[in-house]
file data.tsv (TSV, C-alpha atoms)
chain	number	residue	atom	x	y	z
A	1	MET	CA	102.51	124.98	2.99
A	2	ARG	CA	105.01	122.69	1.36
A	3	ALA	CA	107.65	123.76	3.92
A	4	LEU	CA	105.40	122.75	6.86
A	5	GLY	CA	105.28	119.09	5.85
A	6	PRO	CA	108.95	118.30	6.47
A	7	LEU	CA	108.84	120.34	9.69
A	8	VAL	CA	105.89	118.41	11.04
A	9	ALA	CA	107.55	115.14	10.05
A	10	ALA	CA	110.73	116.22	11.82
A	11	LEU	CA	108.79	117.15	14.97
A	12	ILE	CA	107.03	113.82	14.95
A	13	ALA	CA	110.32	112.00	14.53
A	14	VAL	CA	111.85	113.96	17.38
A	15	GLY	CA	108.80	113.18	19.58
A	16	LEU	CA	109.10	109.48	18.84
A	17	VAL	CA	112.81	109.55	19.62
A	18	ILE	CA	112.17	111.33	22.91
A	19	LYS	CA	109.36	108.93	23.76
A	20	GLY	CA	111.62	105.98	23.05
A	21	ALA	CA	114.47	107.50	25.02
A	22	LEU	CA	112.57	108.31	28.24
A	23	PHE	CA	111.00	105.87	30.63
A	24	THR	CA	109.61	106.03	34.18
A	25	VAL	CA	110.37	103.61	36.99
A	26	ASP	CA	107.50	103.25	39.46
A	27	GLN	CA	108.21	103.19	43.19
A	28	ARG	CA	106.97	99.61	43.28
A	29	GLN	CA	109.41	98.53	40.58
A	30	ASN	CA	113.06	98.09	39.69
A	31	ALA	CA	114.29	98.17	36.11
A	32	ILE	CA	117.15	96.66	34.13
A	33	VAL	CA	118.50	98.51	31.10
A	34	PHE	CA	119.77	96.14	28.39
A	35	GLN	CA	122.15	97.12	25.65
A	36	LEU	CA	122.29	94.69	22.79
A	37	GLY	CA	120.95	91.93	25.06
A	38	GLU	CA	123.40	92.50	27.90
A	39	VAL	CA	122.70	94.08	31.27
A	40	LYS	CA	123.84	97.68	31.08
A	41	ASP	CA	122.35	99.20	34.23
A	42	VAL	CA	120.03	98.44	37.14
A	43	ILE	CA	117.70	101.20	38.28
A	44	ILE	CA	116.32	100.87	41.80
A	45	LYS	CA	115.18	104.45	42.43
A	46	PRO	CA	111.80	105.63	41.13
A	47	GLY	CA	111.66	108.49	38.65
A	48	LEU	CA	112.27	109.51	35.04
A	49	ASN	CA	115.24	107.92	33.25
A	50	PHE	CA	116.93	107.99	29.83
A	51	LYS	CA	117.99	105.23	27.44
A	52	TRP	CA	119.30	105.14	23.91
A	53	PRO	CA	116.52	104.31	21.49
A	54	MET	CA	116.97	101.31	19.24
A	55	ILE	CA	120.12	100.34	21.13
A	56	GLN	CA	118.85	99.92	24.67
A	57	ASP	CA	115.65	98.48	26.01
A	58	VAL	CA	114.17	98.25	29.53
A	59	ARG	CA	112.57	95.45	31.52
A	60	PHE	CA	110.60	96.15	34.70
A	61	PHE	CA	110.37	93.92	37.76
A	62	ASP	CA	107.72	94.01	40.47
A	63	MET	CA	109.39	94.49	43.88
A	64	ARG	CA	106.25	93.96	45.96
A	65	ILE	CA	105.67	90.90	48.12
A	66	LEU	CA	104.37	88.02	46.02
A	67	SER	CA	102.54	84.87	47.09
A	68	TYR	CA	103.10	81.28	46.12
A	69	ASP	CA	100.42	78.78	47.05
A	70	ASP	CA	100.47	75.11	46.10
A	71	VAL	CA	97.39	74.01	44.22
A	72	GLU	CA	97.45	70.58	45.86
A	73	PRO	CA	98.62	69.64	49.37
A	74	LEU	CA	102.06	68.02	49.54
A	75	ARG	CA	102.49	64.58	51.08
A	76	PHE	CA	105.29	64.09	53.62
A	77	ILE	CA	106.42	61.26	55.91
A	78	THR	CA	106.94	61.82	59.64
A	79	SER	CA	109.52	60.18	61.88
A	80	GLU	CA	106.89	57.56	62.75
A	81	LYS	CA	106.65	56.66	59.04
A	82	LYS	CA	103.15	58.14	58.95
A	83	PRO	CA	102.07	60.21	55.91
A	84	VAL	CA	100.63	63.69	56.34
A	85	LEU	CA	99.10	66.12	53.87
A	86	VAL	CA	100.46	69.65	54.14
A	87	ASP	CA	98.90	72.75	52.62
A	88	SER	CA	101.23	75.75	52.78
A	89	TYR	CA	101.91	79.11	51.20
A	90	VAL	CA	104.98	81.34	50.88
A	91	LYS	CA	105.41	85.10	50.80
A	92	TRP	CA	108.45	86.20	48.77
A	93	ARG	CA	109.88	89.16	46.89
A	94	ILE	CA	112.77	90.12	44.63
A	95	VAL	CA	115.57	91.89	46.47
A	96	ASP	CA	118.40	91.71	43.91
A	97	VAL	CA	117.13	92.36	40.39
A	98	ARG	CA	120.43	91.67	38.65
A	99	GLN	CA	120.91	88.33	40.43
A	100	PHE	CA	117.28	87.44	39.83
A	101	TYR	CA	117.68	88.01	36.09
A	102	VAL	CA	120.99	86.15	35.90
A	103	SER	CA	119.65	83.15	37.84
A	104	VAL	CA	116.17	82.65	36.35
A	105	GLN	CA	116.20	85.13	33.45
A	106	GLY	CA	113.77	87.26	35.39
A	107	ASP	CA	110.99	84.67	35.00
A	108	GLU	CA	108.67	84.58	38.02
A	109	PHE	CA	107.37	81.16	37.00
A	110	ARG	CA	110.89	79.69	37.06
A	111	ALA	CA	111.54	81.39	40.38
A	112	ALA	CA	108.29	79.91	41.78
A	113	THR	CA	109.36	76.45	40.57
A	114	ARG	CA	112.72	76.80	42.32
A	115	LEU	CA	110.93	78.11	45.41
A	116	ARG	CA	108.53	75.16	45.42
A	117	GLN	CA	111.38	72.64	45.23
A	118	THR	CA	113.28	74.32	48.07
A	119	ILE	CA	110.25	74.62	50.36
A	120	SER	CA	109.16	71.04	49.63
A	121	ASN	CA	112.62	69.64	50.46
A	122	LEU	CA	112.88	71.67	53.67
A	123	LEU	CA	109.40	70.69	54.82
A	124	GLN	CA	110.15	67.03	54.17
A	125	ALA	CA	113.33	67.33	56.24
A	126	GLU	CA	111.49	69.03	59.11
A	127	PHE	CA	108.54	66.64	59.07
A	128	GLY	CA	110.85	63.64	58.76
A	129	ARG	CA	112.35	64.25	62.20
A	130	ARG	CA	109.08	64.96	64.03
A	131	THR	CA	106.08	62.92	65.16
A	132	VAL	CA	102.49	63.33	64.01
A	133	HIS	CA	101.60	65.10	67.25
A	134	ASP	CA	104.45	67.58	66.74
A	135	VAL	CA	103.52	68.49	63.19
A	136	VAL	CA	99.78	68.68	63.91
A	137	SER	CA	99.89	70.88	66.98
A	138	GLY	CA	103.08	70.83	68.99
A	139	ALA	CA	105.80	72.36	66.78
A	140	ARG	CA	104.14	74.17	63.89
A	141	ASP	CA	105.62	77.57	64.77
A	142	GLU	CA	109.08	76.07	65.07
A	143	ILE	CA	108.73	74.28	61.73
A	144	MET	CA	107.64	77.47	59.94
A	145	ALA	CA	110.51	79.48	61.45
A	146	GLU	CA	113.10	76.84	60.53
A	147	VAL	CA	111.83	76.48	56.96
A	148	ARG	CA	111.65	80.24	56.42
A	149	ALA	CA	115.21	80.81	57.64
A	150	LYS	CA	116.71	77.98	55.58
A	151	ALA	CA	114.70	78.78	52.45
A	152	ASP	CA	115.68	82.45	52.67
A	153	LEU	CA	119.36	81.51	52.96
A	154	ASP	CA	119.11	79.27	49.88
A	155	LEU	CA	117.00	81.53	47.66
A	156	ARG	CA	119.11	84.61	48.29
A	157	ARG	CA	121.37	83.07	45.63
A	158	ILE	CA	118.76	83.85	43.00
A	159	GLY	CA	118.01	87.32	44.38
A	160	VAL	CA	114.84	86.34	46.26
A	161	GLU	CA	113.93	86.98	49.92
A	162	ILE	CA	111.52	84.66	51.73
A	163	VAL	CA	109.30	86.89	53.83
A	164	ASP	CA	107.13	84.22	55.43
A	165	VAL	CA	106.21	80.53	55.30
A	166	ARG	CA	102.87	79.39	56.66
A	167	LEU	CA	101.27	75.99	57.14
A	168	LYS	CA	97.59	76.50	56.40
A	169	ARG	CA	96.60	72.95	57.16
A	170	VAL	CA	98.19	69.67	58.24
A	171	ASP	CA	95.88	66.69	57.75
A	172	LEU	CA	96.24	62.98	58.08
A	173	PRO	CA	95.21	60.68	55.26
A	174	GLN	CA	92.00	58.80	55.94
A	175	GLU	CA	93.77	55.51	56.59
A	176	VAL	CA	96.00	57.13	59.20
A	177	SER	CA	93.37	59.33	60.86
A	178	GLU	CA	91.35	56.41	62.21
A	179	SER	CA	94.35	54.72	63.85
A	180	VAL	CA	95.63	58.00	65.29
A	181	TYR	CA	92.24	58.94	66.67
A	182	GLY	CA	91.89	55.43	68.10
A	183	ARG	CA	95.21	55.78	69.93
A	184	MET	CA	94.26	59.24	71.14
A	185	GLN	CA	90.95	57.91	72.46
A	186	ALA	CA	92.67	54.99	74.21
A	187	GLU	CA	95.19	57.37	75.75
A	188	ARG	CA	92.42	59.64	77.02
A	189	LYS	CA	90.58	56.66	78.50
A	190	ARG	CA	93.75	55.52	80.23
A	191	ILE	CA	94.27	58.98	81.74
A	192	ALA	CA	90.61	59.12	82.79
A	193	ASN	CA	90.87	55.70	84.50
A	194	GLU	CA	94.04	56.78	86.29
A	195	GLN	CA	92.34	59.92	87.52
A	196	ARG	CA	89.30	57.93	88.66
A	197	SER	CA	91.55	55.49	90.53
A	198	GLU	CA	93.46	58.32	92.15
A	199	GLY	CA	90.17	60.00	93.06
A	200	ALA	CA	88.81	56.81	94.62
A	201	ALA	CA	92.01	56.30	96.61
A	202	GLU	CA	91.91	59.90	97.79
A	203	ALA	CA	88.24	59.51	98.75
A	204	GLU	CA	89.05	56.41	100.81
A	205	ARG	CA	91.90	58.25	102.50
A	206	ILE	CA	89.63	61.18	103.33
A	207	ARG	CA	86.91	58.87	104.67
A	208	ALA	CA	89.41	56.95	106.80
A	209	ASP	CA	90.81	60.18	108.18
A	210	ALA	CA	87.29	61.46	108.89
A	211	ASP	CA	86.39	58.20	110.69
A	212	ARG	CA	89.57	58.42	112.73
A	213	GLN	CA	88.83	62.02	113.67
A	214	ARG	CA	85.25	61.03	114.55
A	215	GLU	CA	86.46	58.29	116.88
A	216	VAL	CA	88.94	60.67	118.50
A	217	ILE	CA	86.25	63.33	118.97
A	218	LEU	CA	83.79	60.81	120.44
A	219	ALA	CA	86.44	59.41	122.77
A	220	ASN	CA	87.44	62.88	123.94
A	221	ALA	CA	83.77	63.82	124.39
A	222	TYR	CA	83.08	60.65	126.40
A	223	ARG	CA	86.16	61.28	128.54
A	224	ASP	CA	85.07	64.88	129.19
A	225	ALA	CA	81.49	63.76	129.90
A	226	GLN	CA	82.67	61.15	132.36
A	227	ARG	CA	84.91	63.68	134.06
A	228	VAL	CA	82.05	66.18	134.32
A	229	LYS	CA	79.72	63.45	135.53
A	230	GLY	CA	82.26	62.36	138.12
A	231	ASP	CA	82.69	65.94	139.27
A	232	GLY	CA	78.89	66.27	139.50
A	233	ASP	CA	78.55	63.04	141.43
A	234	ALA	CA	81.29	64.17	143.77
A	235	GLN	CA	79.60	67.52	144.30
A	236	ALA	CA	76.23	65.82	144.80
A	237	ALA	CA	77.75	63.43	147.35
A	238	SER	CA	79.35	66.35	149.11
A	239	ILE	CA	76.02	68.22	149.19
A	240	TYR	CA	74.23	65.11	150.44
A	241	ALA	CA	76.87	64.66	153.11
A	242	LYS	CA	76.57	68.26	154.26
A	243	ALA	CA	72.77	68.05	154.27
A	244	PHE	CA	72.87	64.77	156.20
A	245	SER	CA	75.22	66.18	158.76
A	246	LYS	CA	72.96	69.20	159.36
A	247	ASN	CA	69.66	67.26	159.75
A	248	ALA	CA	70.03	63.53	159.59
A	249	GLU	CA	66.35	62.88	160.38
A	250	PHE	CA	65.07	65.11	157.57
A	251	TYR	CA	67.57	63.61	155.17
A	252	SER	CA	66.42	60.10	156.04
A	253	PHE	CA	62.80	61.20	155.59
A	254	TYR	CA	63.49	62.76	152.22
A	255	ARG	CA	65.34	59.70	150.97
A	256	SER	CA	62.48	57.47	152.07
A	257	MET	CA	59.95	59.66	150.20
A	258	GLU	CA	62.04	59.40	147.05
A	259	ALA	CA	62.18	55.65	147.48
A	260	TYR	CA	58.39	55.47	147.92
A	261	ARG	CA	57.89	57.53	144.73
A	262	GLY	CA	60.16	55.28	142.73
A	263	THR	CA	58.73	52.09	144.18
A	264	PHE	CA	55.00	52.78	143.92
A	265	GLN	CA	55.09	54.50	140.56
A	266	GLY	CA	53.49	51.60	138.67
A	267	GLN	CA	49.96	50.58	139.55
A	268	LYS	CA	50.58	46.92	138.79
A	269	ASP	CA	53.84	46.63	140.72
A	270	LEU	CA	53.86	43.88	143.31
A	271	MET	CA	56.22	43.75	146.27
A	272	LEU	CA	56.41	41.19	149.08
A	273	ILE	CA	57.76	42.98	152.14
A	274	GLU	CA	57.02	42.37	155.79
A	275	PRO	CA	54.78	45.11	157.25
A	276	ASN	CA	57.13	45.72	160.11
A	277	SER	CA	60.05	46.20	157.70
A	278	ASP	CA	62.16	49.28	158.18
A	279	PHE	CA	61.18	50.33	154.64
A	280	PHE	CA	57.66	51.27	155.87
A	281	ARG	CA	58.65	53.05	159.01
A	282	TYR	CA	57.54	56.49	157.71
A	283	LEU	CA	54.25	54.99	156.59
A	284	ARG	CA	53.63	53.71	160.07
A	285	ASP	CA	54.80	56.85	161.86
A	286	SER	CA	55.76	60.25	160.42
A	287	THR	CA	58.58	60.46	162.90
A	288	GLY	CA	59.99	57.18	161.71
A	289	ARG	CA	60.23	55.76	165.20
A	290	PRO	CA	59.94	52.00	165.42
A	291	PRO	CA	56.72	50.68	166.97
A	292	ALA	CA	56.63	50.15	170.73
A	293	VAL	CA	57.03	46.59	171.89
A	294	LYS	CA	53.98	45.34	173.83
A	295	LYS	CA	54.69	43.69	177.13
call {"tool": "encode", "arguments": {"input": "data.tsv", "output": "structure tokens"}}
result
Amino acid sequence: MRALGPLVAALIAVGLVIKGALFTVDQRQNAIVFQLGEVKDVIIKPGLNFKWPMIQDVRFFDMRILSYDDVEPLRFITSEKKPVLVDSYVKWRIVDVRQFYVSVQGDEFRAATRLRQTISNLLQAEFGRRTVHDVVSGARDEIMAEVRAKADLDLRRIGVEIVDVRLKRVDLPQEVSESVYGRMQAERKRIANEQRSEGAAEAERIRADADRQREVILANAYRDAQRVKGDGDAQAASIYAKAFSKNAEFYSFYRSMEAYRGTFQGQKDLMLIEPNSDFFRYLRDSTGRPPAVKK
């Protein structure tokens, strides 16, 4: 029994040494092996690894995409000297563990501080050369692309990659919003008045053209009617002439009957005509012969 004690102690010591000598790197991590405070090795592949106990130690770094979001919106000045409030967030990750440790001692808080300064300076530069309209709606995608590219180029020096930069919200301060909205309203009213004026002018043009076409149509219709009427009168005259030439007596009788109908149509009509007038010759005699002269 006394011999088992030292053996158990030896096994425990060996287990502790093995435990202190082996470590596992997760697939979501990179690790730096330090020897006496200096960087000895960088492990980027996941799996089981070995280190010297008591001499070497290991520090792990998360290689997943991280987010940085400002607690308070940042205030920038546009090219029109108008202030805007910008709420943004950044997606970033460590791509060079050794450089990240050398630059910011592997401290994510220090890296986020550096990131905030870089993004803030770049956003101020981008907003400073654009108008309020551009930053509110017109050029947001372009601003985000420019800031992401420039920030990534700068922060690569500390081993960080900028994955994405997004503007969540761009607001105007209260004192600026009222004047901007007032100008927008005035601009919309001006455009509306221009469109109304153009519409009224177009309506007048259409009405004038319609009136002109109406006059042309009426004139053409009157011309055609007169031509048709003239043709009808000519045909009627021709028919009358042919009828007269065939039976002049009947034609004279018919014309006299038509004259009687038109003349005596009203009961109160009054005419002063001599009884022996030629107008009444068919009333005196159906043959229309003049009365015989008494000797």
call {"tool": "closest_residue", "arguments": {"input": "data.tsv", "among": "A:Pro173, A:Gly159, A:Gly128, A:Gly182", "to": "A:Glu80", "atoms": "all atoms listed in the file"}}
result
A:Gly128
call {"tool": "residues_around", "arguments": {"input": "data.tsv", "residues": "A:Asn121", "least_positions_apart": "2", "cutoff": "12 Å", "atoms": "all atoms listed in the file", "output": "MDAnalysis selection string"}}
result
chainID A and resid 74:77 114:119 123:128 147 150:151 154
call {"tool": "closest_residue", "arguments": {"input": "data.tsv", "among": "A:Ile143, A:Phe244, A:Pro83, A:Glu161", "to": "A:Asp96", "atoms": "only C-alpha atoms"}}
result
A:Glu161
call {"tool": "closest_residue", "arguments": {"input": "data.tsv", "among": "A:Gln185, A:Ser197, A:Thr78, A:Gln29", "to": "A:Ile94", "atoms": "only C-alpha atoms"}}
result
A:Gln29
call {"tool": "closest_residue", "arguments": {"input": "data.tsv", "among": "A:Ile32, A:Lys40, A:Thr131, A:Val170", "to": "A:Gln105", "atoms": "only C-alpha atoms"}}
result
A:Ile32
call {"tool": "atom_distance", "arguments": {"input": "data.tsv", "atom1": "atom CA of A:Lys168", "atom2": "atom CA of A:Val132"}}
result
16.0 Å
call {"tool": "atom_distance", "arguments": {"input": "data.tsv", "atom1": "atom CA of A:Leu66", "atom2": "atom CA of A:Glu146"}}
result
20.3 Å
call {"tool": "closest_residue", "arguments": {"input": "data.tsv", "among": "A:Arg212, A:Arg93, A:Arg190, A:Lys51", "to": "A:Gln35", "atoms": "all atoms listed in the file"}}
result
A:Lys51
call {"tool": "atom_distance", "arguments": {"input": "data.tsv", "atom1": "atom CA of A:Tyr89", "atom2": "atom CA of A:Ile65"}}
result
12.8 Å
